[in-house]
$ cat query.pdb   # PDB, C-alpha atoms
MODEL        1
ATOM      1  CA  MET S   3      33.325  60.257  55.746
ATOM      2  CA  LYS S   4      36.107  62.224  54.059
ATOM      3  CA  ILE S   5      34.519  64.817  51.776
ATOM      4  CA  ALA S   6      36.439  67.000  49.327
ATOM      5  CA  SER S   7      34.853  69.993  47.632
ATOM      6  CA  ILE S   8      36.216  72.261  44.971
ATOM      7  CA  LEU S   9      35.191  75.855  44.334
ATOM      8  CA  PHE S  10      36.498  77.969  41.470
ATOM      9  CA  SER S  11      34.436  81.046  42.364
ATOM     10  CA  PRO S  12      36.245  83.404  44.786
ATOM     11  CA  LEU S  13      35.159  83.194  48.419
ATOM     12  CA  GLU S  14      35.557  86.938  48.825
ATOM     13  CA  ASN S  15      32.822  87.522  46.203
ATOM     14  CA  ILE S  16      30.216  86.608  48.780
ATOM     15  CA  GLY S  17      27.051  85.445  47.097
ATOM     16  CA  GLY S  18      24.734  82.467  47.110
ATOM     17  CA  LEU S  19      27.335  79.966  45.898
ATOM     18  CA  GLN S  20      29.913  80.955  48.496
ATOM     19  CA  VAL S  21      27.406  81.101  51.386
ATOM     20  CA  PHE S  22      25.909  77.759  50.370
ATOM     21  CA  THR S  23      29.361  76.153  50.184
ATOM     22  CA  PHE S  24      30.418  77.522  53.570
ATOM     23  CA  ASN S  25      27.141  76.485  55.246
ATOM     24  CA  LEU S  26      27.075  72.999  53.718
ATOM     25  CA  LEU S  27      30.652  72.155  54.657
ATOM     26  CA  SER S  28      30.193  73.658  58.132
ATOM     27  CA  LYS S  29      27.100  71.519  58.725
ATOM     28  CA  MET S  30      28.772  68.376  57.399
ATOM     29  CA  SER S  31      31.800  69.049  59.632
ATOM     30  CA  HIS S  32      29.571  69.512  62.684
ATOM     31  CA  LEU S  33      27.967  66.157  61.867
ATOM     32  CA  GLY S  34      31.398  64.537  62.195
ATOM     33  CA  HIS S  35      32.546  64.410  58.570
ATOM     34  CA  ASP S  36      36.112  65.345  57.646
ATOM     35  CA  CYS S  37      35.582  68.098  55.044
ATOM     36  CA  THR S  38      38.139  69.895  52.909
ATOM     37  CA  LEU S  39      37.472  72.742  50.497
ATOM     38  CA  TYR S  40      39.959  73.294  47.673
ATOM     39  CA  ILE S  41      40.038  76.816  46.271
ATOM     40  CA  THR S  42      42.205  78.641  43.767
ATOM     41  CA  ASN S  43      45.657  79.683  44.915
ATOM     42  CA  LYS S  44      44.841  83.349  44.281
ATOM     43  CA  ASP S  45      41.649  83.076  46.347
ATOM     44  CA  TYR S  46      43.503  81.270  49.128
ATOM     45  CA  LYS S  47      46.123  83.998  49.408
ATOM     46  CA  SER S  48      43.514  86.765  49.594
ATOM     47  CA  THR S  49      41.037  85.078  51.982
ATOM     48  CA  LYS S  50      42.911  82.627  54.215
ATOM     49  CA  SER S  51      42.966  84.980  57.204
ATOM     50  CA  LYS S  52      39.181  85.474  57.006
ATOM     51  CA  TYR S  53      38.348  81.781  57.128
ATOM     52  CA  PHE S  54      40.914  80.409  59.536
ATOM     53  CA  ILE S  55      38.127  79.653  62.041
ATOM     54  CA  SER S  56      36.037  77.560  59.653
ATOM     55  CA  PRO S  57      35.080  74.105  60.976
ATOM     56  CA  PHE S  58      36.464  72.506  57.810
ATOM     57  CA  LYS S  59      39.871  72.590  56.165
ATOM     58  CA  ILE S  60      40.534  75.049  53.365
ATOM     59  CA  LYS S  61      43.393  74.187  51.038
ATOM     60  CA  SER S  62      44.883  75.910  48.062
ATOM     61  CA  MET S  63      45.433  74.471  44.659
ATOM     62  CA  PRO S  64      49.219  74.623  44.246
ATOM     63  CA  ILE S  65      49.341  76.314  40.858
ATOM     64  CA  GLU S  66      47.752  79.088  38.769
ATOM     65  CA  THR S  67      44.393  77.399  38.980
ATOM     66  CA  LEU S  68      41.889  79.381  36.938
ATOM     67  CA  ARG S  69      44.052  79.863  33.886
ATOM     68  CA  LEU S  70      44.818  76.141  33.817
ATOM     69  CA  ALA S  71      41.186  75.188  34.403
ATOM     70  CA  TYR S  72      40.146  76.992  31.244
ATOM     71  CA  HIS S  73      43.159  76.393  28.995
ATOM     72  CA  ALA S  74      44.901  73.227  30.208
ATOM     73  CA  PRO S  75      42.472  71.290  32.429
ATOM     74  CA  PHE S  76      44.503  68.089  32.058
ATOM     75  CA  ILE S  77      47.160  69.588  34.361
ATOM     76  CA  LEU S  78      44.615  70.241  37.117
ATOM     77  CA  GLN S  79      43.183  66.778  36.557
ATOM     78  CA  GLN S  80      46.578  65.374  37.517
ATOM     79  CA  VAL S  81      46.714  67.605  40.601
ATOM     80  CA  ILE S  82      43.248  66.413  41.678
ATOM     81  CA  LYS S  83      44.264  62.788  41.100
ATOM     82  CA  PHE S  84      47.269  63.383  43.351
ATOM     83  CA  PHE S  85      45.057  64.883  46.091
ATOM     84  CA  GLN S  86      42.761  61.853  45.838
ATOM     85  CA  PHE S  87      45.666  59.409  45.965
ATOM     86  CA  LYS S  88      47.202  61.188  48.956
ATOM     87  CA  GLU S  89      44.027  61.896  50.978
ATOM     88  CA  LYS S  90      41.746  59.010  49.913
ATOM     89  CA  TYR S  91      38.507  61.011  49.956
ATOM     90  CA  ASP S  92      35.201  59.109  49.979
ATOM     91  CA  ILE S  93      33.477  61.612  47.709
ATOM     92  CA  TRP S  94      34.176  64.815  45.770
ATOM     93  CA  GLN S  95      31.639  67.595  45.328
ATOM     94  CA  GLY S  96      32.066  70.302  42.749
ATOM     95  CA  MET S  97      30.470  73.603  43.635
ATOM     96  CA  GLY S  98      29.321  74.779  40.261
ATOM     97  CA  CYS S  99      29.691  72.781  37.062
ATOM     98  CA  TYR S 100      32.073  74.797  34.948
ATOM     99  CA  PRO S 101      35.015  74.232  35.097
ATOM    100  CA  ALA S 102      34.645  71.749  37.989
ATOM    101  CA  ALA S 103      33.094  69.007  35.819
ATOM    102  CA  SER S 104      36.068  68.975  33.469
ATOM    103  CA  ILE S 105      38.532  68.783  36.333
ATOM    104  CA  LEU S 106      36.679  66.238  38.497
ATOM    105  CA  SER S 107      35.633  63.938  35.647
ATOM    106  CA  THR S 108      39.081  62.357  35.838
ATOM    107  CA  LEU S 109      38.158  60.886  39.252
ATOM    108  CA  ALA S 110      34.960  59.169  38.131
ATOM    109  CA  ASN S 111      36.552  55.719  37.995
ATOM    110  CA  HIS S 112      38.075  56.114  41.462
ATOM    111  CA  VAL S 113      35.539  57.844  43.718
ATOM    112  CA  PRO S 114      31.954  59.190  43.499
ATOM    113  CA  VAL S 115      31.735  62.718  42.086
ATOM    114  CA  VAL S 116      28.733  65.001  42.596
ATOM    115  CA  LEU S 117      28.211  68.462  41.091
ATOM    116  CA  ARG S 118      25.782  71.147  42.173
ATOM    117  CA  ALA S 119      24.700  73.680  39.567
ATOM    118  CA  PHE S 120      23.957  77.284  40.449
ATOM    119  CA  GLY S 121      23.059  79.108  37.252
ATOM    120  CA  GLU S 122      25.517  80.556  34.793
ATOM    121  CA  ASP S 123      27.607  77.404  35.024
ATOM    122  CA  ILE S 124      24.993  75.472  32.989
ATOM    123  CA  GLN S 125      22.175  77.856  32.084
ATOM    124  CA  ARG S 126      22.284  79.837  28.873
ATOM    125  CA  CYS S 127      20.438  82.845  27.499
ATOM    126  CA  LYS S 128      21.937  84.140  24.272
ATOM    127  CA  ARG S 129      19.686  87.200  24.284
ATOM    128  CA  LEU S 130      21.222  88.313  27.602
ATOM    129  CA  ASN S 131      24.707  86.962  26.798
ATOM    130  CA  TYR S 132      24.393  84.839  29.965
ATOM    131  CA  GLY S 133      26.057  81.542  30.735
ATOM    132  CA  TYR S 134      29.318  79.760  30.070
ATOM    133  CA  THR S 135      27.705  77.434  27.554
ATOM    134  CA  ILE S 136      27.132  80.267  25.083
ATOM    135  CA  ASP S 137      30.690  79.398  24.076
ATOM    136  CA  MET S 138      30.219  76.171  22.114
ATOM    137  CA  ARG S 139      33.689  74.870  23.039
ATOM    138  CA  LYS S 140      32.847  75.195  26.732
ATOM    139  CA  GLU S 141      29.485  73.556  26.133
ATOM    140  CA  GLU S 142      31.065  70.559  24.396
ATOM    141  CA  ARG S 143      33.721  70.225  27.107
ATOM    142  CA  LEU S 144      31.016  70.379  29.783
ATOM    143  CA  LYS S 145      28.783  67.850  27.985
ATOM    144  CA  LYS S 146      31.639  65.389  27.719
ATOM    145  CA  ALA S 147      32.664  65.807  31.357
ATOM    146  CA  LEU S 148      29.117  65.510  32.706
ATOM    147  CA  GLN S 149      28.791  62.042  31.177
ATOM    148  CA  SER S 150      31.267  60.618  33.688
ATOM    149  CA  ILE S 151      29.940  62.456  36.760
ATOM    150  CA  HIS S 152      27.944  60.200  39.104
ATOM    151  CA  ARG S 153      25.215  62.671  40.144
ATOM    152  CA  VAL S 154      24.312  66.280  39.482
ATOM    153  CA  ILE S 155      22.172  68.374  41.787
ATOM    154  CA  ALA S 156      19.670  70.914  40.478
ATOM    155  CA  MET S 157      18.076  73.489  42.783
ATOM    156  CA  THR S 158      15.281  74.342  40.336
ATOM    157  CA  ASN S 159      13.378  72.792  37.465
ATOM    158  CA  ASP S 160      15.147  75.229  35.123
ATOM    159  CA  LEU S 161      18.536  73.891  36.232
ATOM    160  CA  ARG S 162      17.242  70.339  35.866
ATOM    161  CA  ASP S 163      16.154  71.129  32.305
ATOM    162  CA  SER S 164      19.557  72.705  31.615
ATOM    163  CA  PHE S 165      21.191  69.430  32.622
ATOM    164  CA  TYR S 166      18.878  67.560  30.264
ATOM    165  CA  ALA S 167      19.815  69.985  27.471
ATOM    166  CA  LEU S 168      23.459  69.046  28.132
ATOM    167  CA  ASP S 169      22.561  65.364  27.593
ATOM    168  CA  VAL S 170      22.733  64.363  31.262
ATOM    169  CA  PRO S 171      20.470  61.321  31.749
ATOM    170  CA  PRO S 172      17.513  61.870  34.109
ATOM    171  CA  THR S 173      18.810  59.060  36.343
ATOM    172  CA  LYS S 174      21.832  61.216  37.236
ATOM    173  CA  VAL S 175      19.878  64.405  38.039
ATOM    174  CA  ILE S 176      18.698  64.972  41.605
ATOM    175  CA  ASN S 177      16.429  67.899  42.479
ATOM    176  CA  ILE S 178      17.311  69.399  45.863
ATOM    177  CA  PRO S 179      15.696  72.825  46.091
ATOM    178  CA  ASN S 180      16.924  75.556  48.354
ATOM    179  CA  THR S 181      14.707  75.792  51.388
ATOM    180  CA  VAL S 182      13.669  78.374  53.917
ATOM    181  CA  ASN S 183      13.613  77.803  57.649
ATOM    182  CA  VAL S 184      10.299  79.557  58.375
ATOM    183  CA  SER S 185      10.854  79.358  62.147
ATOM    184  CA  ARG S 186      13.569  82.007  61.746
ATOM    185  CA  PHE S 187      10.926  84.456  60.514
ATOM    186  CA  ASN S 188       8.421  83.982  63.355
TER     187      ASN S 188
ENDMDL
END
$ encode --input "query.pdb" --output "structure tokens"
Amino acid sequence: MKIASILFSPLENIGGLQVFTFNLLSKMSHLGHDCTLYITNKDYKSTKSKYFISPFKIKSMPIETLRLAYHAPFILQQVIKFFQFKEKYDIWQGMGCYPAASILSTLANHVPVVLRAFGEDIQRCKRLNYGYTIDMRKEERLKKALQSIHRVIAMTNDLRDSFYALDVPPTKVINIPNTVNVSRFN
């Protein structure tokens, strides 16, 4: 299976999202899938030498990605459509929901699209000024985009409930919690 993933969060800011993305695509590649991770052009330039040994392909978006994702997502939608037309992926996975949902929603009529939420991309706490959806324009853009996404993955019940608050139907939400391999601690 040809799997494309997109990550807007910098790889060099190593945290849960980046480690999860690297581990998932590595495992899928070892299982025989043809995996490609698309990252921002700025991130690609600063990290390509660190990840040249990854078992999956890492490709750069060809343009000033983050600025366009937030201010002119329709341009990146056309870039993603071109990648899909050229590479004929079987599925796209967005790592994080904002801004990936807005960008990948354009593919929904062509190929399955799955998004995995991690926290600030869909959760909101006004008291702590936490979450992208505190900005009502981002929330509305995300709500609209999530309607065309095939499945969304929530790691926790809180993330599941955040999807529901964004009007995602329960039939599209899949709970896949993070797990612990207890044998590594024995």
$ closest_residue --input "query.pdb" --among "S:Val21, S:Val115, S:Phe10, S:Lys61" --to "Tyr100 in chain S" --atoms "all atoms listed in the file"
S:Phe10
$ closest_residue --input "query.pdb" --among "S:Val113, S:Phe22, S:Pro101, S:His152" --to "Tyr134 in chain S" --atoms "only C-alpha atoms"
S:Pro101
$ residues_around --input "query.pdb" --residues "range 116-133 of chain S" --least-positions-apart "4" --cutoff "7 Å" --atoms "only C-alpha atoms" --output "count of residues only"
16
$ resolve_selection --input "query.pdb" --expression "the PyMOL selection byres ((chain S and resi 71) around 12)" --output "MDAnalysis selection string"
chainID S and resid 9:11 42 63 65:70 72:82 100:106 140 143
$ closest_residue --input "query.pdb" --among "S:Pro12, S:Ser28, S:Gly18, S:Thr173" --to "Lys47 in chain S" --atoms "only C-alpha atoms"
S:Pro12
$ atom_distance --input "query.pdb" --atom1 "CA of Ile136 in chain S" --atom2 "CA of Arg162 in chain S"
17.7 Å
$ resolve_selection --input "query.pdb" --expression "the PyMOL selection byres ((chain S and resi 27) around 9)" --output "list in words"
Ile5, Ser7, Phe22, Thr23, Phe24, Asn25, Leu26, Ser28, Lys29, Met30, Ser31, His32, His35, Cys37, Thr38, Leu39, Pro57 and Phe58 of chain S
$ atom_distance --input "query.pdb" --atom1 "CA of Gln20 in chain S" --atom2 "CA of Thr181 in chain S"
16.3 Å
$ atom_distance --input "query.pdb" --atom1 "CA of Ala147 in chain S" --atom2 "CA of Pro172 in chain S"
15.9 Å
$ closest_residue --input "query.pdb" --among "S:Gln149, S:Asn180, S:Thr49, S:Asn43" --to "Phe165 in chain S" --atoms "only C-alpha atoms"
S:Gln149
$ residues_around --input "query.pdb" --residues "Asn159 in chain S" --least-positions-apart "4" --cutoff "9 Å" --atoms "only C-alpha atoms" --output "PyMOL selection string"
chain S and resi 163-164+177+179
$ closest_residue --input "query.pdb" --among "S:Val175, S:Pro64, S:Thr108, S:Ala6" --to "Lys146 in chain S" --atoms "only C-alpha atoms"
S:Thr108
$ decode --input "query.pdb" --residues "range 79-187 of chain S" --atoms "C-alpha atoms" --output "PDB file, in the first residue's frame"
ATOM      1  CA  GLN S  79      -4.533  22.022  -1.545  1.00  0.00           C
ATOM      2  CA  GLN S  80      -3.477  22.252  -5.184  1.00  0.00           C
ATOM      3  CA  VAL S  81       0.039  21.071  -4.319  1.00  0.00           C
ATOM      4  CA  ILE S  82      -1.381  18.068  -2.430  1.00  0.00           C
ATOM      5  CA  LYS S  83      -3.698  17.271  -5.347  1.00  0.00           C
ATOM      6  CA  PHE S  84      -0.659  17.297  -7.630  1.00  0.00           C
ATOM      7  CA  PHE S  85       1.240  14.916  -5.310  1.00  0.00           C
ATOM      8  CA  GLN S  86      -1.778  12.592  -5.294  1.00  0.00           C
ATOM      9  CA  PHE S  87      -2.132  12.720  -9.073  1.00  0.00           C
ATOM     10  CA  LYS S  88       1.581  12.057  -9.574  1.00  0.00           C
ATOM     11  CA  GLU S  89       2.120   9.384  -6.884  1.00  0.00           C
ATOM     12  CA  LYS S  90      -1.332   7.738  -6.695  1.00  0.00           C
ATOM     13  CA  TYR S  91      -1.285   7.117  -2.939  1.00  0.00           C
ATOM     14  CA  ASP S  92      -3.791   4.640  -1.479  1.00  0.00           C
ATOM     15  CA  ILE S  93      -4.344   6.694   1.663  1.00  0.00           C
ATOM     16  CA  TRP S  94      -3.279   9.977   3.274  1.00  0.00           C
ATOM     17  CA  GLN S  95      -2.772  10.416   7.003  1.00  0.00           C
ATOM     18  CA  GLY S  96      -2.554  13.813   8.607  1.00  0.00           C
ATOM     19  CA  MET S  97      -0.470  13.953  11.749  1.00  0.00           C
ATOM     20  CA  GLY S  98      -2.378  16.476  13.769  1.00  0.00           C
ATOM     21  CA  CYS S  99      -5.621  18.092  12.658  1.00  0.00           C
ATOM     22  CA  TYR S 100      -4.776  21.742  12.247  1.00  0.00           C
ATOM     23  CA  PRO S 101      -3.889  22.757   9.567  1.00  0.00           C
ATOM     24  CA  ALA S 102      -3.735  19.258   8.016  1.00  0.00           C
ATOM     25  CA  ALA S 103      -7.536  18.849   7.849  1.00  0.00           C
ATOM     26  CA  SER S 104      -7.934  21.990   5.765  1.00  0.00           C
ATOM     27  CA  ILE S 105      -5.211  20.933   3.360  1.00  0.00           C
ATOM     28  CA  LEU S 106      -6.156  17.247   3.030  1.00  0.00           C
ATOM     29  CA  SER S 107      -9.920  17.791   2.812  1.00  0.00           C
ATOM     30  CA  THR S 108      -9.462  18.535  -0.884  1.00  0.00           C
ATOM     31  CA  LEU S 109      -8.530  14.863  -1.452  1.00  0.00           C
ATOM     32  CA  ALA S 110     -11.626  13.377   0.171  1.00  0.00           C
ATOM     33  CA  ASN S 111     -13.314  12.606  -3.146  1.00  0.00           C
ATOM     34  CA  HIS S 112     -10.187  10.931  -4.527  1.00  0.00           C
ATOM     35  CA  VAL S 113      -8.585   8.867  -1.755  1.00  0.00           C
ATOM     36  CA  PRO S 114      -9.267   7.968   1.911  1.00  0.00           C
ATOM     37  CA  VAL S 115      -8.006  10.578   4.379  1.00  0.00           C
ATOM     38  CA  VAL S 116      -7.377   9.853   8.062  1.00  0.00           C
ATOM     39  CA  LEU S 117      -6.339  12.357  10.739  1.00  0.00           C
ATOM     40  CA  ARG S 118      -4.851  11.668  14.144  1.00  0.00           C
ATOM     41  CA  ALA S 119      -5.353  14.290  16.837  1.00  0.00           C
ATOM     42  CA  PHE S 120      -2.743  14.978  19.488  1.00  0.00           C
ATOM     43  CA  GLY S 121      -4.018  17.793  21.679  1.00  0.00           C
ATOM     44  CA  GLU S 122      -3.737  21.469  20.908  1.00  0.00           C
ATOM     45  CA  ASP S 123      -4.797  20.800  17.332  1.00  0.00           C
ATOM     46  CA  ILE S 124      -8.403  20.169  18.475  1.00  0.00           C
ATOM     47  CA  GLN S 125      -8.565  20.634  22.244  1.00  0.00           C
ATOM     48  CA  ARG S 126      -9.354  24.009  23.737  1.00  0.00           C
ATOM     49  CA  CYS S 127      -9.041  25.576  27.171  1.00  0.00           C
ATOM     50  CA  LYS S 128      -9.738  29.298  27.156  1.00  0.00           C
ATOM     51  CA  ARG S 129      -8.640  29.665  30.774  1.00  0.00           C
ATOM     52  CA  LEU S 130      -5.143  28.445  29.834  1.00  0.00           C
ATOM     53  CA  ASN S 131      -5.175  30.056  26.367  1.00  0.00           C
ATOM     54  CA  TYR S 132      -4.587  26.550  24.956  1.00  0.00           C
ATOM     55  CA  GLY S 133      -5.554  25.211  21.564  1.00  0.00           C
ATOM     56  CA  TYR S 134      -5.861  26.409  17.997  1.00  0.00           C
ATOM     57  CA  THR S 135      -9.643  26.424  18.171  1.00  0.00           C
ATOM     58  CA  ILE S 136      -9.665  29.327  20.626  1.00  0.00           C
ATOM     59  CA  ASP S 137      -9.491  31.350  17.417  1.00  0.00           C
ATOM     60  CA  MET S 138     -13.044  31.068  16.080  1.00  0.00           C
ATOM     61  CA  ARG S 139     -11.915  31.408  12.447  1.00  0.00           C
ATOM     62  CA  LYS S 140      -9.611  28.413  12.863  1.00  0.00           C
ATOM     63  CA  GLU S 141     -12.378  26.498  14.601  1.00  0.00           C
ATOM     64  CA  GLU S 142     -14.831  27.126  11.758  1.00  0.00           C
ATOM     65  CA  ARG S 143     -12.225  26.207   9.135  1.00  0.00           C
ATOM     66  CA  LEU S 144     -11.429  23.008  11.040  1.00  0.00           C
ATOM     67  CA  LYS S 145     -15.115  22.098  11.495  1.00  0.00           C
ATOM     68  CA  LYS S 146     -15.755  22.488   7.791  1.00  0.00           C
ATOM     69  CA  ALA S 147     -12.696  20.462   6.796  1.00  0.00           C
ATOM     70  CA  LEU S 148     -13.392  17.639   9.254  1.00  0.00           C
ATOM     71  CA  GLN S 149     -16.758  16.990   7.606  1.00  0.00           C
ATOM     72  CA  SER S 150     -15.057  15.621   4.493  1.00  0.00           C
ATOM     73  CA  ILE S 151     -12.375  13.571   6.278  1.00  0.00           C
ATOM     74  CA  HIS S 152     -13.073   9.820   6.212  1.00  0.00           C
ATOM     75  CA  ARG S 153     -11.867   8.917   9.729  1.00  0.00           C
ATOM     76  CA  VAL S 154     -10.330  10.683  12.695  1.00  0.00           C
ATOM     77  CA  ILE S 155      -8.306   8.942  15.368  1.00  0.00           C
ATOM     78  CA  ALA S 156      -8.509   9.929  19.030  1.00  0.00           C
ATOM     79  CA  MET S 157      -5.961   8.672  21.562  1.00  0.00           C
ATOM     80  CA  THR S 158      -8.113   9.573  24.575  1.00  0.00           C
ATOM     81  CA  ASN S 159     -11.743  10.081  25.489  1.00  0.00           C
ATOM     82  CA  ASP S 160     -11.017  13.809  25.842  1.00  0.00           C
ATOM     83  CA  LEU S 161      -9.823  13.956  22.228  1.00  0.00           C
ATOM     84  CA  ARG S 162     -12.859  11.944  21.154  1.00  0.00           C
ATOM     85  CA  ASP S 163     -15.115  14.453  22.917  1.00  0.00           C
ATOM     86  CA  SER S 164     -13.218  17.319  21.263  1.00  0.00           C
ATOM     87  CA  PHE S 165     -14.027  15.799  17.879  1.00  0.00           C
ATOM     88  CA  TYR S 166     -17.687  15.580  18.862  1.00  0.00           C
ATOM     89  CA  ALA S 167     -17.591  19.246  19.920  1.00  0.00           C
ATOM     90  CA  LEU S 168     -16.334  20.035  16.399  1.00  0.00           C
ATOM     91  CA  ASP S 169     -19.413  18.277  14.954  1.00  0.00           C
ATOM     92  CA  VAL S 170     -17.581  15.154  13.774  1.00  0.00           C
ATOM     93  CA  PRO S 171     -20.109  12.289  13.669  1.00  0.00           C
ATOM     94  CA  PRO S 172     -19.364   9.391  16.049  1.00  0.00           C
ATOM     95  CA  THR S 173     -19.200   7.018  13.065  1.00  0.00           C
ATOM     96  CA  LYS S 174     -16.039   8.798  11.871  1.00  0.00           C
ATOM     97  CA  VAL S 175     -14.224   8.778  15.238  1.00  0.00           C
ATOM     98  CA  ILE S 176     -11.979   5.832  16.082  1.00  0.00           C
ATOM     99  CA  ASN S 177     -10.408   5.486  19.530  1.00  0.00           C
ATOM    100  CA  ILE S 178      -6.875   4.090  19.332  1.00  0.00           C
ATOM    101  CA  PRO S 179      -5.150   4.770  22.642  1.00  0.00           C
ATOM    102  CA  ASN S 180      -1.423   4.952  23.046  1.00  0.00           C
ATOM    103  CA  THR S 181      -0.147   1.756  24.573  1.00  0.00           C
ATOM    104  CA  VAL S 182       2.770   0.597  26.644  1.00  0.00           C
ATOM    105  CA  ASN S 183       4.831  -2.477  25.895  1.00  0.00           C
ATOM    106  CA  VAL S 184       5.139  -3.759  29.480  1.00  0.00           C
ATOM    107  CA  SER S 185       7.705  -6.399  28.469  1.00  0.00           C
ATOM    108  CA  ARG S 186      10.213  -3.569  27.970  1.00  0.00           C
ATOM    109  CA  PHE S 187       9.945  -2.748  31.679  1.00  0.00           C
TER     110      PHE S 187
END
